[in-house]
Amino acid sequence: MVSLDKELAKVQRQLHVLQWRARDITERALHEALRRTELPGFTGEAVQKMIDQVLEKLEESPFQMTNYASKTSGAAIVRSKTSPSWIGSGRVFWQSLPLVAYMRPPEVILEPDNHPGNCWPFPGSQGHVFIKLPVAVFPTAVTINHGVPAAAYHADSISSAPKDFAVYGLQEEDDEKGTLLGEFIFTPGQAPGQTFQLKNEHSAFIKYVRLQVLSNWGHRDYTCVYQFRLHGDPAHDGDARGKLSA
């Protein structure tokens, strides 16, 4: 049964990746087709709404992996162990246009709304966020969503995206080090949401997770994180798989 559950989880992750690739390809095709076709009576806003409706349908998949870093599920940011938000001019830019005139808190990365500009900015190219999970979890994968469709990528949105990042699992809040679960590279211009399998899969449960951004794609002032998701299996009563190995 354990091996069957493991194989099912693996298939779900593969389907999740394929879903995002299909979403990205569909969006590119729609943008290109509508760019070449004149639609009488259709404003740019109406066309974008039509594209969004198609993309929403692609989101309706029975193979979605559970996100344990979701605010609605009870996940929470531990502010005392999280980098400060970027202050700067108080605006985040996309295609050289200001999108938000106020600072978004780190809690935004636990929410599903990923429209351009709705991200958490922290100063410079390195920062971290510490998340308390709603339940103990055996981690298997993480997803980073940059929230900007590939067809709409611009120098500003690419440069502020995370690049190199690491994920640490912790069983106690006062654990200063944690256990490295993997180091990865987020590549803008591919699927907006990219899923990465953790190396310490099913080794032990964690109650906290730390996302450590090590670099971005060139923005000197800030890095923007749109959404972070943690996938895995919930720990049940009496279920113990040992300590995380350092």
# chains A, B, ... in the order shown; residues from 1 in each chain; ligands from 1

$ residues_around --residues "A:Glu183" --least-positions-apart "3" --cutoff "10 Å" --atoms "only C-alpha atoms" --output "PyMOL selection string"
chain A and resi 164-168+180+196+198-199+212-214

$ select_by_dssp --residues "stretch 146-228 of chain A" --states "helix (DSSP H, G or I)" --output "PyMOL selection string"
chain A and resi 150-152+155-159

$ residues_around --residues "A:Asp221" --least-positions-apart "6" --cutoff "10 Å" --atoms "only C-alpha atoms" --output "PyMOL selection string"
chain A and resi 86-88+121-125+160

$ atom_distance --atom1 "atom CA of A:Phe205" --atom2 "atom CA of A:Glu172"
10.9 Å

$ residues_around --residues "A:Gln171" --least-positions-apart "5" --cutoff "7 Å" --atoms "only C-alpha atoms" --output "PyMOL selection string"
chain A and resi 206-208

$ closest_residue --among "A:Met65, A:Cys119, A:Ile144, A:Leu110" --to "A:Asp233" --atoms "only C-alpha atoms"
A:Met65

$ select_by_dssp --residues "stretch 108-244 of chain A" --states "strand (DSSP E)" --output "compact mmCIF listing (two decimals) with all heavy atoms, in the first residue's frame"
# COMPACT_ATOMS: atom_id res chain seq x y z
N TRP A 120 4.91 39.52 -2.72
CA TRP A 120 5.62 40.03 -1.55
C TRP A 120 7.04 40.41 -1.96
O TRP A 120 7.82 39.56 -2.34
CB TRP A 120 5.67 38.97 -0.45
CG TRP A 120 6.58 39.36 0.68
CD1 TRP A 120 6.53 40.50 1.43
CD2 TRP A 120 7.71 38.61 1.17
NE1 TRP A 120 7.55 40.52 2.36
CE2 TRP A 120 8.28 39.37 2.23
CE3 TRP A 120 8.28 37.39 0.84
CZ2 TRP A 120 9.40 38.94 2.94
CZ3 TRP A 120 9.39 36.95 1.55
CH2 TRP A 120 9.94 37.72 2.58
N PRO A 121 7.38 41.71 -1.89
CA PRO A 121 8.74 42.13 -2.22
C PRO A 121 9.62 42.23 -0.97
O PRO A 121 9.19 42.75 0.06
CB PRO A 121 8.51 43.52 -2.83
CG PRO A 121 7.31 44.05 -2.11
CD PRO A 121 6.48 42.86 -1.69
N PHE A 122 10.84 41.72 -1.07
CA PHE A 122 11.80 41.91 0.01
C PHE A 122 13.05 42.57 -0.59
O PHE A 122 13.31 42.47 -1.79
CB PHE A 122 12.13 40.60 0.72
CG PHE A 122 12.75 39.53 -0.14
CD1 PHE A 122 14.10 39.56 -0.47
CD2 PHE A 122 11.98 38.48 -0.63
CE1 PHE A 122 14.67 38.58 -1.26
CE2 PHE A 122 12.55 37.48 -1.42
CZ PHE A 122 13.90 37.54 -1.73
N PRO A 123 13.83 43.27 0.22
CA PRO A 123 14.97 44.03 -0.30
C PRO A 123 16.04 43.15 -0.92
O PRO A 123 16.35 42.07 -0.40
CB PRO A 123 15.51 44.76 0.94
CG PRO A 123 14.42 44.70 1.94
CD PRO A 123 13.66 43.45 1.68
N GLY A 127 16.66 36.68 0.57
CA GLY A 127 15.72 36.82 1.67
C GLY A 127 15.13 35.48 2.01
O GLY A 127 15.37 34.47 1.33
N HIS A 128 14.33 35.45 3.07
CA HIS A 128 13.74 34.18 3.50
C HIS A 128 12.39 34.42 4.15
O HIS A 128 12.09 35.52 4.63
CB HIS A 128 14.67 33.46 4.48
CG HIS A 128 15.01 34.27 5.69
ND1 HIS A 128 16.06 35.17 5.72
CD2 HIS A 128 14.43 34.34 6.92
CE1 HIS A 128 16.11 35.76 6.90
NE2 HIS A 128 15.13 35.27 7.65
N VAL A 129 11.58 33.37 4.13
CA VAL A 129 10.28 33.42 4.78
C VAL A 129 10.09 32.12 5.55
O VAL A 129 10.44 31.03 5.07
CB VAL A 129 9.14 33.63 3.74
CG1 VAL A 129 9.12 32.51 2.72
CG2 VAL A 129 7.78 33.75 4.43
N PHE A 130 9.59 32.24 6.77
CA PHE A 130 9.43 31.12 7.68
C PHE A 130 7.93 30.85 7.85
O PHE A 130 7.18 31.76 8.22
CB PHE A 130 10.07 31.47 9.03
CG PHE A 130 10.34 30.31 9.93
CD1 PHE A 130 11.59 29.71 9.97
CD2 PHE A 130 9.35 29.83 10.78
CE1 PHE A 130 11.85 28.64 10.84
CE2 PHE A 130 9.59 28.76 11.63
CZ PHE A 130 10.84 28.17 11.66
N ILE A 131 7.50 29.64 7.55
CA ILE A 131 6.07 29.31 7.52
C ILE A 131 5.75 28.21 8.52
O ILE A 131 6.40 27.16 8.54
CB ILE A 131 5.64 28.86 6.11
CG1 ILE A 131 5.97 29.95 5.09
CG2 ILE A 131 4.15 28.53 6.08
CD1 ILE A 131 5.82 29.49 3.65
N LYS A 132 4.73 28.46 9.33
CA LYS A 132 4.20 27.44 10.23
C LYS A 132 3.10 26.69 9.49
O LYS A 132 2.15 27.31 8.99
CB LYS A 132 3.64 28.06 11.50
CG LYS A 132 3.07 27.04 12.48
CD LYS A 132 2.52 27.71 13.74
CE LYS A 132 1.96 26.68 14.70
NZ LYS A 132 1.40 27.31 15.93
N LEU A 133 3.20 25.38 9.41
CA LEU A 133 2.23 24.57 8.69
C LEU A 133 1.02 24.27 9.57
O LEU A 133 1.14 24.19 10.79
CB LEU A 133 2.88 23.28 8.20
CG LEU A 133 4.14 23.45 7.34
CD1 LEU A 133 4.76 22.10 7.02
CD2 LEU A 133 3.81 24.21 6.06
N PRO A 134 -0.15 24.05 8.97
CA PRO A 134 -1.35 23.76 9.76
C PRO A 134 -1.33 22.40 10.41
O PRO A 134 -1.97 22.17 11.43
CB PRO A 134 -2.48 23.87 8.73
CG PRO A 134 -1.83 23.57 7.42
CD PRO A 134 -0.44 24.15 7.52
N VAL A 135 -0.59 21.46 9.79
CA VAL A 135 -0.44 20.10 10.33
C VAL A 135 0.97 19.63 10.06
O VAL A 135 1.68 20.19 9.22
CB VAL A 135 -1.45 19.11 9.68
CG1 VAL A 135 -2.88 19.48 10.02
CG2 VAL A 135 -1.24 19.05 8.16
N ALA A 136 1.38 18.60 10.78
CA ALA A 136 2.68 17.99 10.48
C ALA A 136 2.58 17.29 9.12
O ALA A 136 1.59 16.63 8.82
CB ALA A 136 3.05 16.99 11.57
N VAL A 137 3.63 17.44 8.31
CA VAL A 137 3.58 16.96 6.93
C VAL A 137 4.87 16.22 6.59
O VAL A 137 5.96 16.62 7.01
CB VAL A 137 3.40 18.15 5.95
CG1 VAL A 137 3.51 17.69 4.50
CG2 VAL A 137 2.07 18.84 6.18
N PHE A 138 4.73 15.14 5.82
CA PHE A 138 5.88 14.50 5.20
C PHE A 138 6.06 15.16 3.84
O PHE A 138 5.28 14.91 2.91
CB PHE A 138 5.66 12.99 5.05
CG PHE A 138 5.48 12.28 6.36
CD1 PHE A 138 4.22 11.92 6.80
CD2 PHE A 138 6.58 11.99 7.16
CE1 PHE A 138 4.05 11.26 8.01
CE2 PHE A 138 6.41 11.33 8.37
CZ PHE A 138 5.15 10.97 8.80
N PRO A 139 7.03 16.08 3.68
CA PRO A 139 7.14 16.87 2.46
C PRO A 139 7.61 16.07 1.26
O PRO A 139 8.48 15.20 1.38
CB PRO A 139 8.17 17.94 2.83
CG PRO A 139 9.06 17.26 3.83
CD PRO A 139 8.13 16.35 4.62
N THR A 140 7.03 16.35 0.10
CA THR A 140 7.44 15.66 -1.13
C THR A 140 7.84 16.62 -2.24
O THR A 140 8.70 16.30 -3.05
CB THR A 140 6.29 14.78 -1.66
OG1 THR A 140 5.14 15.59 -1.90
CG2 THR A 140 5.95 13.68 -0.66
N ALA A 141 7.23 17.82 -2.28
CA ALA A 141 7.53 18.75 -3.37
C ALA A 141 7.10 20.16 -2.98
O ALA A 141 6.32 20.35 -2.04
CB ALA A 141 6.80 18.32 -4.65
N VAL A 142 7.64 21.14 -3.69
CA VAL A 142 7.22 22.54 -3.52
C VAL A 142 6.92 23.13 -4.88
O VAL A 142 7.44 22.66 -5.91
CB VAL A 142 8.29 23.39 -2.80
CG1 VAL A 142 8.53 22.91 -1.39
CG2 VAL A 142 9.59 23.43 -3.60
N THR A 143 6.06 24.15 -4.89
CA THR A 143 5.75 24.86 -6.13
C THR A 143 5.98 26.35 -5.90
O THR A 143 5.55 26.91 -4.90
CB THR A 143 4.29 24.63 -6.56
OG1 THR A 143 4.09 23.24 -6.84
CG2 THR A 143 3.95 25.44 -7.80
N ILE A 144 6.70 26.97 -6.83
CA ILE A 144 6.88 28.42 -6.84
C ILE A 144 6.06 28.96 -8.00
O ILE A 144 6.18 28.49 -9.13
CB ILE A 144 8.35 28.82 -7.03
CG1 ILE A 144 9.18 28.37 -5.83
CG2 ILE A 144 8.48 30.32 -7.25
CD1 ILE A 144 9.00 29.21 -4.60
N ASN A 145 5.21 29.93 -7.71
CA ASN A 145 4.39 30.55 -8.76
C ASN A 145 4.78 32.02 -8.83
O ASN A 145 4.66 32.75 -7.86
CB ASN A 145 2.90 30.40 -8.42
CG ASN A 145 2.02 30.77 -9.60
OD1 ASN A 145 2.36 31.63 -10.39
ND2 ASN A 145 0.88 30.12 -9.71
N ASP A 164 17.78 31.28 -7.80
CA ASP A 164 18.23 30.17 -6.96
C ASP A 164 17.52 30.24 -5.61
O ASP A 164 17.45 31.31 -5.00
CB ASP A 164 19.74 30.24 -6.75
CG ASP A 164 20.51 30.14 -8.05
OD1 ASP A 164 20.58 29.05 -8.62
OD2 ASP A 164 21.03 31.19 -8.50
N PHE A 165 17.01 29.10 -5.15
CA PHE A 165 16.37 29.09 -3.84
C PHE A 165 16.56 27.72 -3.19
O PHE A 165 16.82 26.71 -3.85
CB PHE A 165 14.88 29.44 -3.94
CG PHE A 165 14.03 28.41 -4.63
CD1 PHE A 165 13.34 27.44 -3.91
CD2 PHE A 165 13.90 28.42 -6.02
CE1 PHE A 165 12.54 26.51 -4.54
CE2 PHE A 165 13.11 27.48 -6.67
CZ PHE A 165 12.42 26.52 -5.93
N ALA A 166 16.44 27.72 -1.87
CA ALA A 166 16.58 26.49 -1.09
C ALA A 166 15.37 26.36 -0.18
O ALA A 166 14.75 27.35 0.20
CB ALA A 166 17.87 26.51 -0.27
N VAL A 167 15.04 25.12 0.16
CA VAL A 167 13.90 24.83 1.04
C VAL A 167 14.41 24.01 2.21
O VAL A 167 15.12 23.02 2.04
CB VAL A 167 12.80 24.06 0.29
CG1 VAL A 167 11.64 23.76 1.24
CG2 VAL A 167 12.31 24.85 -0.92
N TYR A 168 14.04 24.44 3.43
CA TYR A 168 14.46 23.76 4.65
C TYR A 168 13.22 23.29 5.42
O TYR A 168 12.23 24.00 5.51
CB TYR A 168 15.27 24.69 5.54
CG TYR A 168 16.62 25.07 4.97
CD1 TYR A 168 16.75 26.11 4.06
CD2 TYR A 168 17.77 24.37 5.34
CE1 TYR A 168 17.98 26.45 3.53
CE2 TYR A 168 19.02 24.71 4.81
CZ TYR A 168 19.11 25.75 3.90
OH TYR A 168 20.34 26.08 3.38
N GLY A 169 13.30 22.10 5.97
CA GLY A 169 12.23 21.58 6.81
C GLY A 169 12.64 21.64 8.27
O GLY A 169 13.81 21.42 8.61
N LEU A 170 11.69 21.97 9.13
CA LEU A 170 11.97 22.08 10.57
C LEU A 170 10.85 21.43 11.36
O LEU A 170 9.68 21.47 10.95
CB LEU A 170 12.12 23.55 10.98
CG LEU A 170 13.12 24.40 10.19
CD1 LEU A 170 12.39 25.16 9.08
CD2 LEU A 170 13.84 25.37 11.10
N THR A 179 16.70 21.36 8.16
CA THR A 179 17.27 20.35 7.27
C THR A 179 17.03 20.74 5.82
O THR A 179 15.89 21.03 5.43
CB THR A 179 16.64 18.97 7.54
OG1 THR A 179 16.92 18.59 8.88
CG2 THR A 179 17.19 17.93 6.59
N LEU A 180 18.08 20.77 5.05
CA LEU A 180 17.97 21.13 3.64
C LEU A 180 17.18 20.07 2.89
O LEU A 180 17.56 18.89 2.88
CB LEU A 180 19.35 21.28 3.01
CG LEU A 180 19.38 21.61 1.52
CD1 LEU A 180 18.75 22.99 1.26
CD2 LEU A 180 20.81 21.57 0.99
N LEU A 181 16.08 20.47 2.27
CA LEU A 181 15.24 19.54 1.50
C LEU A 181 15.52 19.64 0.00
O LEU A 181 15.04 18.81 -0.78
CB LEU A 181 13.77 19.82 1.77
CG LEU A 181 13.31 19.69 3.22
CD1 LEU A 181 11.83 20.01 3.34
CD2 LEU A 181 13.61 18.30 3.77
N GLY A 182 16.28 20.66 -0.40
CA GLY A 182 16.62 20.78 -1.81
C GLY A 182 16.97 22.20 -2.20
O GLY A 182 16.52 23.16 -1.58
N GLU A 183 17.81 22.34 -3.22
CA GLU A 183 18.14 23.63 -3.84
C GLU A 183 17.72 23.56 -5.30
O GLU A 183 17.99 22.58 -5.98
CB GLU A 183 19.63 23.93 -3.71
CG GLU A 183 20.09 24.18 -2.29
CD GLU A 183 21.53 24.64 -2.21
OE1 GLU A 183 22.15 24.85 -3.29
OE2 GLU A 183 22.06 24.80 -1.10
N PHE A 184 17.09 24.64 -5.79
CA PHE A 184 16.49 24.62 -7.11
C PHE A 184 16.68 25.95 -7.83
O PHE A 184 17.13 26.93 -7.23
CB PHE A 184 14.99 24.31 -7.00
CG PHE A 184 14.67 23.13 -6.13
CD1 PHE A 184 14.29 23.29 -4.80
CD2 PHE A 184 14.79 21.84 -6.63
CE1 PHE A 184 14.00 22.21 -4.00
CE2 PHE A 184 14.51 20.74 -5.82
CZ PHE A 184 14.11 20.92 -4.51
N ILE A 185 16.32 25.97 -9.10
CA ILE A 185 16.36 27.19 -9.91
C ILE A 185 14.98 27.40 -10.52
O ILE A 185 14.46 26.52 -11.21
CB ILE A 185 17.41 27.12 -11.02
CG1 ILE A 185 18.81 26.97 -10.41
CG2 ILE A 185 17.36 28.37 -11.89
CD1 ILE A 185 19.91 26.82 -11.47
N GLY A 193 3.86 28.54 -12.73
CA GLY A 193 4.01 27.72 -11.55
C GLY A 193 4.91 26.54 -11.86
O GLY A 193 4.65 25.76 -12.78
N GLN A 194 6.00 26.40 -11.12
CA GLN A 194 6.97 25.33 -11.37
C GLN A 194 7.13 24.49 -10.10
O GLN A 194 7.35 25.02 -9.02
CB GLN A 194 8.31 25.92 -11.81
CG GLN A 194 8.20 26.67 -13.13
CD GLN A 194 9.46 27.41 -13.52
OE1 GLN A 194 10.57 27.04 -13.17
NE2 GLN A 194 9.28 28.49 -14.28
N THR A 195 6.99 23.17 -10.27
CA THR A 195 7.03 22.25 -9.13
C THR A 195 8.36 21.52 -9.07
O THR A 195 8.89 21.08 -10.11
CB THR A 195 5.87 21.24 -9.23
OG1 THR A 195 4.62 21.94 -9.20
CG2 THR A 195 5.91 20.24 -8.08
N PHE A 196 8.90 21.41 -7.87
CA PHE A 196 10.22 20.80 -7.66
C PHE A 196 10.09 19.69 -6.61
O PHE A 196 9.55 19.91 -5.54
CB PHE A 196 11.22 21.85 -7.19
CG PHE A 196 11.30 23.06 -8.08
CD1 PHE A 196 10.42 24.13 -7.89
CD2 PHE A 196 12.23 23.14 -9.11
CE1 PHE A 196 10.48 25.25 -8.72
CE2 PHE A 196 12.28 24.25 -9.94
CZ PHE A 196 11.41 25.31 -9.74
N GLN A 197 10.62 18.52 -6.94
CA GLN A 197 10.56 17.40 -6.01
C GLN A 197 11.66 17.53 -4.98
O GLN A 197 12.82 17.80 -5.31
CB GLN A 197 10.69 16.08 -6.76
CG GLN A 197 10.52 14.86 -5.87
CD GLN A 197 10.44 13.57 -6.66
OE1 GLN A 197 10.34 13.59 -7.88
NE2 GLN A 197 10.48 12.45 -5.97
N ILE A 206 7.54 17.38 9.11
CA ILE A 206 7.97 18.73 9.45
C ILE A 206 6.74 19.53 9.88
O ILE A 206 5.62 19.25 9.46
CB ILE A 206 8.68 19.46 8.28
CG1 ILE A 206 7.72 19.63 7.09
CG2 ILE A 206 9.93 18.70 7.86
CD1 ILE A 206 8.29 20.48 5.96
N LYS A 207 6.96 20.51 10.73
CA LYS A 207 5.89 21.39 11.18
C LYS A 207 6.10 22.82 10.69
O LYS A 207 5.19 23.65 10.76
CB LYS A 207 5.79 21.37 12.71
CG LYS A 207 5.40 20.01 13.28
CD LYS A 207 5.33 20.06 14.81
CE LYS A 207 4.93 18.71 15.38
NZ LYS A 207 4.90 18.74 16.88
N TYR A 208 7.33 23.09 10.21
CA TYR A 208 7.68 24.41 9.71
C TYR A 208 8.51 24.24 8.44
O TYR A 208 9.18 23.23 8.25
CB TYR A 208 8.50 25.21 10.73
CG TYR A 208 7.80 25.43 12.05
CD1 TYR A 208 7.86 24.46 13.06
CD2 TYR A 208 7.07 26.59 12.30
CE1 TYR A 208 7.21 24.64 14.27
CE2 TYR A 208 6.42 26.78 13.52
CZ TYR A 208 6.50 25.80 14.49
OH TYR A 208 5.85 25.99 15.70
N VAL A 209 8.46 25.25 7.58
CA VAL A 209 9.27 25.23 6.37
C VAL A 209 9.84 26.63 6.15
O VAL A 209 9.17 27.63 6.42
CB VAL A 209 8.44 24.76 5.14
CG1 VAL A 209 7.29 25.73 4.85
CG2 VAL A 209 9.33 24.60 3.92
N ARG A 210 11.08 26.67 5.70
CA ARG A 210 11.72 27.96 5.40
C ARG A 210 12.12 28.00 3.93
O ARG A 210 12.84 27.13 3.45
CB ARG A 210 12.96 28.19 6.27
CG ARG A 210 13.58 29.58 6.04
CD ARG A 210 14.68 29.90 7.04
NE ARG A 210 15.92 29.20 6.73
CZ ARG A 210 16.48 28.30 7.51
NH1 ARG A 210 15.90 27.96 8.66
NH2 ARG A 210 17.62 27.71 7.17
N LEU A 211 11.61 29.01 3.24
CA LEU A 211 12.00 29.26 1.86
C LEU A 211 13.12 30.28 1.88
O LEU A 211 12.95 31.40 2.37
CB LEU A 211 10.81 29.80 1.05
CG LEU A 211 11.14 30.37 -0.34
CD1 LEU A 211 11.68 29.29 -1.26
CD2 LEU A 211 9.91 31.03 -0.94
N GLN A 212 14.28 29.91 1.35
CA GLN A 212 15.45 30.78 1.35
C GLN A 212 15.76 31.14 -0.11
O GLN A 212 16.21 30.30 -0.89
CB GLN A 212 16.64 30.05 1.97
CG GLN A 212 17.86 30.92 2.23
CD GLN A 212 17.83 31.53 3.62
OE1 GLN A 212 17.31 30.93 4.56
NE2 GLN A 212 18.39 32.73 3.75
N VAL A 213 15.50 32.39 -0.48
CA VAL A 213 15.83 32.85 -1.83
C VAL A 213 17.28 33.29 -1.84
O VAL A 213 17.69 34.16 -1.06
CB VAL A 213 14.91 34.00 -2.27
CG1 VAL A 213 15.30 34.49 -3.67
CG2 VAL A 213 13.45 33.54 -2.27
N TYR A 222 14.82 44.85 -5.37
CA TYR A 222 13.96 43.92 -4.65
C TYR A 222 13.74 42.62 -5.43
O TYR A 222 14.02 42.53 -6.63
CB TYR A 222 12.60 44.56 -4.32
CG TYR A 222 11.80 44.98 -5.54
CD1 TYR A 222 11.05 44.05 -6.26
CD2 TYR A 222 11.79 46.30 -5.97
CE1 TYR A 222 10.31 44.42 -7.37
CE2 TYR A 222 11.06 46.69 -7.08
CZ TYR A 222 10.32 45.75 -7.78
OH TYR A 222 9.61 46.13 -8.89
N THR A 223 13.22 41.63 -4.71
CA THR A 223 12.78 40.36 -5.30
C THR A 223 11.32 40.16 -4.92
O THR A 223 10.92 40.48 -3.80
CB THR A 223 13.62 39.18 -4.74
OG1 THR A 223 15.00 39.41 -5.03
CG2 THR A 223 13.18 37.85 -5.36
N CYS A 224 10.52 39.67 -5.86
CA CYS A 224 9.09 39.48 -5.62
C CYS A 224 8.74 37.99 -5.59
O CYS A 224 9.04 37.26 -6.55
CB CYS A 224 8.27 40.16 -6.72
SG CYS A 224 7.51 41.69 -6.16
N VAL A 225 8.11 37.56 -4.52
CA VAL A 225 7.62 36.19 -4.41
C VAL A 225 6.10 36.23 -4.47
O VAL A 225 5.47 36.91 -3.65
CB VAL A 225 8.08 35.52 -3.10
CG1 VAL A 225 7.55 34.09 -3.02
CG2 VAL A 225 9.60 35.54 -3.00
N GLN A 227 3.79 33.24 -4.92
CA GLN A 227 3.14 32.17 -4.18
C GLN A 227 4.12 31.02 -3.95
O GLN A 227 4.90 30.66 -4.83
CB GLN A 227 1.91 31.64 -4.90
CG GLN A 227 1.10 30.62 -4.07
CD GLN A 227 -0.05 30.01 -4.85
OE1 GLN A 227 0.11 29.61 -5.99
NE2 GLN A 227 -1.21 29.93 -4.22
N PHE A 228 4.05 30.46 -2.75
CA PHE A 228 4.85 29.29 -2.40
C PHE A 228 3.89 28.20 -1.92
O PHE A 228 3.03 28.45 -1.06
CB PHE A 228 5.84 29.63 -1.28
CG PHE A 228 6.60 28.44 -0.76
CD1 PHE A 228 7.67 27.91 -1.45
CD2 PHE A 228 6.24 27.86 0.46
CE1 PHE A 228 8.35 26.81 -0.97
CE2 PHE A 228 6.93 26.76 0.96
CZ PHE A 228 7.99 26.24 0.24
N ARG A 229 4.03 27.01 -2.45
CA ARG A 229 3.18 25.89 -2.05
C ARG A 229 4.05 24.73 -1.57
O ARG A 229 5.11 24.47 -2.12
CB ARG A 229 2.33 25.39 -3.23
CG ARG A 229 1.48 26.45 -3.91
CD ARG A 229 0.77 25.86 -5.11
NE ARG A 229 0.19 26.88 -5.97
CZ ARG A 229 -0.29 26.65 -7.19
NH1 ARG A 229 -0.27 25.42 -7.67
NH2 ARG A 229 -0.79 27.63 -7.91
N LEU A 230 3.56 24.05 -0.56
CA LEU A 230 4.24 22.86 -0.06
C LEU A 230 3.31 21.67 -0.22
O LEU A 230 2.16 21.71 0.20
CB LEU A 230 4.62 23.01 1.42
CG LEU A 230 5.25 21.76 2.05
CD1 LEU A 230 6.69 21.59 1.57
CD2 LEU A 230 5.21 21.83 3.57
N HIS A 231 3.82 20.60 -0.82
CA HIS A 231 3.04 19.40 -1.06
C HIS A 231 3.62 18.23 -0.25
O HIS A 231 4.80 18.21 0.07
CB HIS A 231 3.04 19.05 -2.55
CG HIS A 231 2.75 20.22 -3.44
ND1 HIS A 231 1.54 20.88 -3.44
CD2 HIS A 231 3.54 20.88 -4.33
CE1 HIS A 231 1.58 21.88 -4.30
NE2 HIS A 231 2.78 21.90 -4.85
N GLY A 232 2.77 17.29 0.06
CA GLY A 232 3.23 16.13 0.81
C GLY A 232 2.07 15.33 1.35
O GLY A 232 0.93 15.43 0.88
N ASP A 233 2.36 14.55 2.38
CA ASP A 233 1.34 13.71 3.03
C ASP A 233 1.21 14.13 4.49
O ASP A 233 2.23 14.29 5.18
CB ASP A 233 1.75 12.24 2.96
CG ASP A 233 1.96 11.77 1.52
OD1 ASP A 233 1.11 12.11 0.68
OD2 ASP A 233 2.97 11.10 1.26
N PRO A 234 -0.01 14.30 4.98
CA PRO A 234 -0.18 14.69 6.39
C PRO A 234 0.20 13.54 7.31
O PRO A 234 -0.04 12.37 7.01
CB PRO A 234 -1.68 15.00 6.48
CG PRO A 234 -2.31 14.17 5.40
CD PRO A 234 -1.30 14.13 4.29

$ atom_distance --atom1 "atom CA of A:Ala191" --atom2 "atom CA of A:His146"
8.9 Å

$ atom_distance --atom1 "atom CA of A:Ser215" --atom2 "atom CA of A:His115"
22.5 Å
